[in-house]
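Asks: Take a look at this one; I'll ask things after.
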Amino acid sequence: MTVNVPLRSNNDSYVTRLNMDRENLDYDQLRRQRKDSSVNSSDVTRSPADTNGTTRTYEILNVTLNNVELESKDNRSANNSTPQSHPTALMSEQPPVVILLSLWRFGSSILGQLFNQNKDMFYLFEPLYAASILSQRYNYTDTQLKSYQRDIIRNFSKCAFTTDFVSIIDARPGRTNNTAICQGNIECKMQTPSRASDICKRYGGRLATKLIRADLDLLKPLIMDDGINLKIIHLVRDPRGAAASRIKYRLTEPGFRVDSDLHSAAPDRLQTLGLFSSTPETFTTVQGMCQWLRENTLVDPKQMPSWLKDRYHLVRYEDFVDSPLAVTQDLYDFVGLPLREDVKDWIQRNTNPEITDNRFFTIHKNSHSAAHHWVRDLKAMEIELIEAECNDVLRLLMYTSSSTPVFP
């Protein structure tokens, strides 16, 4: 699919032609060379450093800003036969890197499984968790943290992993297993950067990941500057439903001591559990959650920035609850990949209303009731607090207010 997004080159002139001339870049020839070689189609091949310390860089398929090389830099400068091109001009030639952008307790784990269960894709569960751990360890500034977060996503797009990253992800408790990594590895661990990279590259650039510590501002340079073919699925949820889920999670969180009154009588569970506080402002609080929704939710195509055109898809958790198979088909249509039958089967098995055991996710026949379960779970004061803070967000996402009956 051709990307019709105006992009800036290094000299600030707009790149209007995203399909390059054959005389400048012969893809047929490139494919023949790749076919004749023993290199995997998704590999990035780097030659050892020359005697003068210069490393020659070659790119076989996945093109990024820092290594758009169809021949060595040495040879190109010697004969000047191949003009330099902006990396984003080749974006449409890359398989999409699917980004599931969401927040804690928004239902992102189940949507992530829609790609994790796809045998043609390599899925990574919350890679930015590693950045939060290293930020605490080395006391990163906000700028340093964002830079490292982008490095993680940038490296993931190239199936590159660092030792620190692998050790942190492998040690994380309660992580959702990566189906590809778990094959042939009973512990479901990456083990080493090279092993993780080798497995990732088998999927030919068909990658997906879930991010709950990110926003559109973090992702923009990866598209505009690095030329990564991101497809962003923005999962949102009714703030009242998310808050109710967070309360329930906190009350059952291992090692978290709470007064028994918090389970029933206390009117201030949100504040006591650290879920309603303007200082400090974080994604964990109701204020931070709704601010994130304000800044990242795009509902009007006319307001879509050019760099997000054909790259942003908004989905409400409640809509998925109501029609999981139809929403999943929409998501696969958006990213431009076929929806496999085994993924459909997984959805039907795991969203069967007859299931009563502790499965990953269940949907009851009364899906309207399930989507609005917060009406029963939240206290009146908690609903009032959330609606007062997030009234504009509720209207933006077309959620009904508590004064409107939601049950027949």
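Lettering and numbering for the structure tokens are positional, with chains as A, B, ... in the shown order, residues counted from 1 in each chain, and ligands counted from 1 in the shown order.
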Which parts of region 217-344 of chain A does DSSP call alpha helix (DSSP H) when run on the backbone here, written out as a PyMOL selection string?

Replies: chain A and resi 217-224+239-252+269-272+286-296+317-322+324-335+341-344

Asks: Would you give me, as a PyMOL selection string, the residues in region 210-319 of chain A that DSSP reads as strand (DSSP E or B)?

Replies: chain A and resi 210-211+230-236+312-316

Asks: Would you mind exporting the chosen residues as an mmCIF file, in the first residue's frame, restricted to N, CA, C and O atoms?

Replies:
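Okay, part_28.cif is ready:
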data_model
loop_
_atom_site.group_PDB
_atom_site.id
_atom_site.type_symbol
_atom_site.label_atom_id
_atom_site.label_comp_id
_atom_site.auth_asym_id
_atom_site.auth_seq_id
_atom_site.Cartn_x
_atom_site.Cartn_y
_atom_site.Cartn_z
ATOM 1 N N LYS A 210 2.623 -4.578 22.324
ATOM 2 C CA LYS A 210 1.678 -3.841 23.156
ATOM 3 C C LYS A 210 2.450 -2.837 24.003
ATOM 4 O O LYS A 210 3.406 -3.191 24.691
ATOM 5 N N LEU A 211 2.015 -1.567 23.964
ATOM 6 C CA LEU A 211 2.665 -0.515 24.744
ATOM 7 C C LEU A 211 1.643 0.129 25.674
ATOM 8 O O LEU A 211 0.634 0.655 25.209
ATOM 9 N N LEU A 230 4.930 1.972 10.975
ATOM 10 C CA LEU A 230 4.092 1.679 12.141
ATOM 11 C C LEU A 230 2.619 1.719 11.770
ATOM 12 O O LEU A 230 2.162 2.578 11.013
ATOM 13 N N LYS A 231 1.868 0.793 12.329
ATOM 14 C CA LYS A 231 0.411 0.812 12.289
ATOM 15 C C LYS A 231 -0.052 0.850 13.747
ATOM 16 O O LYS A 231 0.195 -0.097 14.510
ATOM 17 N N ILE A 232 -0.723 1.941 14.132
ATOM 18 C CA ILE A 232 -1.035 2.185 15.533
ATOM 19 C C ILE A 232 -2.505 1.889 15.801
ATOM 20 O O ILE A 232 -3.397 2.554 15.247
ATOM 21 N N ILE A 233 -2.761 0.890 16.627
ATOM 22 C CA ILE A 233 -4.111 0.588 17.103
ATOM 23 C C ILE A 233 -4.264 1.225 18.469
ATOM 24 O O ILE A 233 -3.587 0.839 19.427
ATOM 25 N N HIS A 234 -5.118 2.234 18.560
ATOM 26 C CA HIS A 234 -5.296 2.961 19.812
ATOM 27 C C HIS A 234 -6.514 2.402 20.534
ATOM 28 O O HIS A 234 -7.659 2.645 20.147
ATOM 29 N N LEU A 235 -6.281 1.649 21.594
ATOM 30 C CA LEU A 235 -7.349 1.042 22.379
ATOM 31 C C LEU A 235 -7.727 1.954 23.537
ATOM 32 O O LEU A 235 -6.887 2.301 24.362
ATOM 33 N N VAL A 236 -9.002 2.345 23.594
ATOM 34 C CA VAL A 236 -9.491 3.190 24.680
ATOM 35 C C VAL A 236 -10.574 2.442 25.450
ATOM 36 O O VAL A 236 -11.124 1.446 24.970
ATOM 37 N N TYR A 312 -3.396 5.188 11.927
ATOM 38 C CA TYR A 312 -4.045 5.271 13.245
ATOM 39 C C TYR A 312 -5.444 4.677 13.164
ATOM 40 O O TYR A 312 -6.228 5.021 12.281
ATOM 41 N N HIS A 313 -5.754 3.787 14.110
ATOM 42 C CA HIS A 313 -7.073 3.155 14.159
ATOM 43 C C HIS A 313 -7.548 3.144 15.606
ATOM 44 O O HIS A 313 -6.902 2.570 16.482
ATOM 45 N N LEU A 314 -8.685 3.791 15.847
ATOM 46 C CA LEU A 314 -9.250 3.876 17.193
ATOM 47 C C LEU A 314 -10.244 2.746 17.414
ATOM 48 O O LEU A 314 -11.105 2.481 16.564
ATOM 49 N N VAL A 315 -10.131 2.067 18.556
ATOM 50 C CA VAL A 315 -11.086 1.012 18.903
ATOM 51 C C VAL A 315 -11.440 1.131 20.383
ATOM 52 O O VAL A 315 -10.566 1.329 21.226
ATOM 53 N N ARG A 316 -12.720 1.046 20.666
ATOM 54 C CA ARG A 316 -13.186 1.071 22.049
ATOM 55 C C ARG A 316 -13.242 -0.360 22.587
ATOM 56 O O ARG A 316 -13.726 -1.275 21.909
#

Asks: Which residues are near region 167-174 of chain A? Cut-off 10 Å, only C-alpha atoms, ignore same chain within fewer than 6 positions. Put them as an MDAnalysis selection string.

Replies: chainID A and resid 124:131 133:134 187:193

Asks: Go ahead and save the residues from that selection, with N, CA, C and O atoms, as a compact mmCIF listing (two decimals), in the first residue's frame.

Replies:
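part-v2.txt was written with the following content:
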# COMPACT_ATOMS: atom_id res chain seq x y z
N LEU A 124 5.47 -9.11 20.92
CA LEU A 124 6.25 -8.81 22.11
C LEU A 124 5.37 -8.09 23.12
O LEU A 124 4.74 -7.08 22.81
N PHE A 125 5.33 -8.61 24.34
CA PHE A 125 4.46 -8.10 25.39
C PHE A 125 5.16 -7.00 26.20
O PHE A 125 6.17 -7.25 26.85
N GLU A 126 4.65 -5.79 26.12
CA GLU A 126 5.10 -4.65 26.91
C GLU A 126 6.62 -4.49 26.99
O GLU A 126 7.23 -4.56 28.06
N PRO A 127 7.27 -4.26 25.87
CA PRO A 127 8.73 -4.11 25.88
C PRO A 127 9.21 -2.89 26.66
O PRO A 127 10.34 -2.87 27.14
N LEU A 128 8.37 -1.86 26.79
CA LEU A 128 8.80 -0.64 27.48
C LEU A 128 8.88 -0.82 28.99
O LEU A 128 9.35 0.07 29.70
N TYR A 129 8.46 -1.98 29.48
CA TYR A 129 8.68 -2.31 30.89
C TYR A 129 10.18 -2.26 31.21
O TYR A 129 10.58 -1.82 32.28
N ALA A 130 11.00 -2.69 30.26
CA ALA A 130 12.45 -2.67 30.47
C ALA A 130 12.95 -1.25 30.67
O ALA A 130 13.86 -0.99 31.47
N ALA A 131 12.37 -0.30 29.93
CA ALA A 131 12.78 1.10 30.08
C ALA A 131 12.45 1.64 31.46
O ALA A 131 13.23 2.39 32.06
N ILE A 133 12.28 -0.05 34.24
CA ILE A 133 13.21 -0.65 35.21
C ILE A 133 14.57 0.03 35.14
O ILE A 133 15.16 0.40 36.17
N LEU A 134 15.08 0.23 33.94
CA LEU A 134 16.39 0.86 33.79
C LEU A 134 16.35 2.33 34.20
O LEU A 134 17.33 2.88 34.69
N GLU A 187 10.50 -22.70 29.31
CA GLU A 187 10.50 -21.56 30.23
C GLU A 187 9.98 -20.28 29.58
O GLU A 187 9.77 -19.29 30.26
N CYS A 188 9.76 -20.31 28.28
CA CYS A 188 9.25 -19.15 27.55
C CYS A 188 10.12 -17.92 27.77
O CYS A 188 9.60 -16.82 28.07
N LYS A 189 11.43 -18.08 27.63
CA LYS A 189 12.35 -16.97 27.81
C LYS A 189 13.17 -16.74 26.55
O LYS A 189 13.47 -17.67 25.79
N MET A 190 13.56 -15.47 26.35
CA MET A 190 14.41 -15.14 25.21
C MET A 190 15.78 -15.77 25.34
O MET A 190 16.40 -16.14 24.36
N GLN A 191 16.30 -15.84 26.56
CA GLN A 191 17.59 -16.42 26.91
C GLN A 191 18.77 -15.55 26.52
O GLN A 191 19.56 -15.15 27.36
N THR A 192 18.93 -15.26 25.23
CA THR A 192 20.03 -14.42 24.77
C THR A 192 19.53 -13.48 23.68
O THR A 192 18.56 -13.78 22.98
N PRO A 193 20.20 -12.33 23.50
CA PRO A 193 19.80 -11.43 22.41
C PRO A 193 19.85 -12.10 21.04
O PRO A 193 18.97 -11.86 20.21

Asks: From the list A:Ser197, A:Gln271, A:Ser402, A:Thr279, which residue is nearest Cys159 (chain A) when using only C-alpha atoms?

Replies: A:Ser197

Asks: May I ask which of the residues A:Asp164, A:Thr328, A:Ser306, A:Arg395 is the closest one to Gly112 (chain A), counting only C-alpha atoms?

Replies: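 With only C-alpha atoms as the atom set, the closest residue is A:Thr328.
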
Asks: Nearest to Val98 (chain A) among A:Thr282, A:Ser147, A:Asn229, A:Ser132, with distances taken over only C-alpha atoms: which residue is it?

Replies: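 Closest candidate: A:Asn229.
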
Asks: If you count only C-alpha atoms, which residues fall within 10 Å of Arg150 (chain A), apart from same-chain ones fewer than 3 positions away, as a list in words?

Replies: Leu128, Ala131, Gln144, Leu145, Lys146, Ser147, Ile153, Arg154, Asn155, Phe156, Ala214, Leu218, Leu219, Lys220, Pro221 and Leu222 of chain A

Asks: Hey, what's within 12 Å of Glu382 (chain A) if we count only C-alpha atoms and toss same-chain stuff fewer than 6 positions away? As a PyMOL selection string, please?

Replies: chain A and resi 239-241+243-244+247+266-272+275-276+286+374-376+388-389+402

Asks: Any idea what's packed within 12 Å of Asn391 (chain A), counting only C-alpha atoms, ignoring anything in its chain fewer than 6 positions away? Could you give it as a PDB file with N, CA, C and O atoms, in the first residue's frame?

Replies:
ATOM      1  N   ASP A 238     -13.854   3.181  28.609  1.00  0.00           N
ATOM      2  CA  ASP A 238     -14.596   4.077  29.490  1.00  0.00           C
ATOM      3  C   ASP A 238     -13.778   4.275  30.769  1.00  0.00           C
ATOM      4  O   ASP A 238     -13.441   3.291  31.436  1.00  0.00           O
ATOM      5  N   PRO A 239     -13.422   5.502  31.128  1.00  0.00           N
ATOM      6  CA  PRO A 239     -12.611   5.731  32.335  1.00  0.00           C
ATOM      7  C   PRO A 239     -13.218   5.134  33.594  1.00  0.00           C
ATOM      8  O   PRO A 239     -12.482   4.716  34.485  1.00  0.00           O
ATOM      9  N   ARG A 240     -14.541   5.061  33.659  1.00  0.00           N
ATOM     10  CA  ARG A 240     -15.178   4.469  34.835  1.00  0.00           C
ATOM     11  C   ARG A 240     -14.943   2.960  34.878  1.00  0.00           C
ATOM     12  O   ARG A 240     -14.688   2.390  35.944  1.00  0.00           O
ATOM     13  N   VAL A 286      -6.691   8.612  37.800  1.00  0.00           N
ATOM     14  CA  VAL A 286      -7.801   8.968  36.925  1.00  0.00           C
ATOM     15  C   VAL A 286      -7.468  10.219  36.131  1.00  0.00           C
ATOM     16  O   VAL A 286      -7.738  10.307  34.925  1.00  0.00           O
ATOM     17  N   GLN A 287      -6.843  11.197  36.791  1.00  0.00           N
ATOM     18  CA  GLN A 287      -6.475  12.435  36.089  1.00  0.00           C
ATOM     19  C   GLN A 287      -5.507  12.150  34.948  1.00  0.00           C
ATOM     20  O   GLN A 287      -5.659  12.665  33.832  1.00  0.00           O
ATOM     21  N   CYS A 290      -7.248  10.250  31.975  1.00  0.00           N
ATOM     22  CA  CYS A 290      -8.102  11.069  31.113  1.00  0.00           C
ATOM     23  C   CYS A 290      -7.295  12.107  30.343  1.00  0.00           C
ATOM     24  O   CYS A 290      -7.653  12.458  29.211  1.00  0.00           O
ATOM     25  N   GLN A 291      -6.196  12.589  30.912  1.00  0.00           N
ATOM     26  CA  GLN A 291      -5.330  13.498  30.174  1.00  0.00           C
ATOM     27  C   GLN A 291      -4.694  12.782  28.991  1.00  0.00           C
ATOM     28  O   GLN A 291      -4.586  13.336  27.892  1.00  0.00           O
ATOM     29  N   LEU A 293      -5.998  10.274  27.381  1.00  0.00           N
ATOM     30  CA  LEU A 293      -7.059  10.093  26.392  1.00  0.00           C
ATOM     31  C   LEU A 293      -7.305  11.390  25.620  1.00  0.00           C
ATOM     32  O   LEU A 293      -7.495  11.371  24.401  1.00  0.00           O
ATOM     33  N   ARG A 294      -7.283  12.517  26.313  1.00  0.00           N
ATOM     34  CA  ARG A 294      -7.480  13.808  25.640  1.00  0.00           C
ATOM     35  C   ARG A 294      -6.402  14.059  24.588  1.00  0.00           C
ATOM     36  O   ARG A 294      -6.679  14.529  23.487  1.00  0.00           O
ATOM     37  N   ILE A 383     -18.053   7.391  41.078  1.00  0.00           N
ATOM     38  CA  ILE A 383     -18.561   7.731  39.755  1.00  0.00           C
ATOM     39  C   ILE A 383     -18.586   9.238  39.566  1.00  0.00           C
ATOM     40  O   ILE A 383     -18.194   9.762  38.511  1.00  0.00           O
ATOM     41  N   GLU A 384     -19.026   9.959  40.592  1.00  0.00           N
ATOM     42  CA  GLU A 384     -19.084  11.418  40.510  1.00  0.00           C
ATOM     43  C   GLU A 384     -17.694  12.014  40.333  1.00  0.00           C
ATOM     44  O   GLU A 384     -17.500  12.948  39.533  1.00  0.00           O
ATOM     45  N   LEU A 385     -16.714  11.484  41.058  1.00  0.00           N
ATOM     46  CA  LEU A 385     -15.342  11.987  40.927  1.00  0.00           C
ATOM     47  C   LEU A 385     -14.818  11.792  39.515  1.00  0.00           C
ATOM     48  O   LEU A 385     -14.225  12.698  38.910  1.00  0.00           O
ATOM     49  N   LEU A 397     -15.647  10.226  23.499  1.00  0.00           N
ATOM     50  CA  LEU A 397     -15.693   8.811  23.137  1.00  0.00           C
ATOM     51  C   LEU A 397     -17.114   8.268  23.085  1.00  0.00           C
ATOM     52  O   LEU A 397     -17.315   7.075  22.910  1.00  0.00           O
ATOM     53  N   MET A 398     -18.090   9.159  23.267  1.00  0.00           N
ATOM     54  CA  MET A 398     -19.515   8.816  23.144  1.00  0.00           C
ATOM     55  C   MET A 398     -19.968   7.771  24.158  1.00  0.00           C
ATOM     56  O   MET A 398     -20.702   6.837  23.826  1.00  0.00           O
ATOM     57  N   TYR A 399     -19.505   7.927  25.396  1.00  0.00           N
ATOM     58  CA  TYR A 399     -19.998   7.099  26.488  1.00  0.00           C
ATOM     59  C   TYR A 399     -21.149   7.825  27.179  1.00  0.00           C
ATOM     60  O   TYR A 399     -21.115   9.050  27.344  1.00  0.00           O
ATOM     61  N   THR A 400     -22.149   7.071  27.617  1.00  0.00           N
ATOM     62  CA  THR A 400     -23.285   7.671  28.295  1.00  0.00           C
ATOM     63  C   THR A 400     -22.905   8.041  29.722  1.00  0.00           C
ATOM     64  O   THR A 400     -22.060   7.402  30.350  1.00  0.00           O
ATOM     65  N   SER A 401     -23.546   9.065  30.253  1.00  0.00           N
ATOM     66  CA  SER A 401     -23.311   9.468  31.644  1.00  0.00           C
ATOM     67  C   SER A 401     -24.086   8.559  32.581  1.00  0.00           C
ATOM     68  O   SER A 401     -24.989   7.819  32.152  1.00  0.00           O
ATOM     69  N   SER A 402     -23.745   8.603  33.864  1.00  0.00           N
ATOM     70  CA  SER A 402     -24.400   7.728  34.836  1.00  0.00           C
ATOM     71  C   SER A 402     -25.860   8.088  35.032  1.00  0.00           C
ATOM     72  O   SER A 402     -26.643   7.281  35.550  1.00  0.00           O
TER      73      SER A 402
END
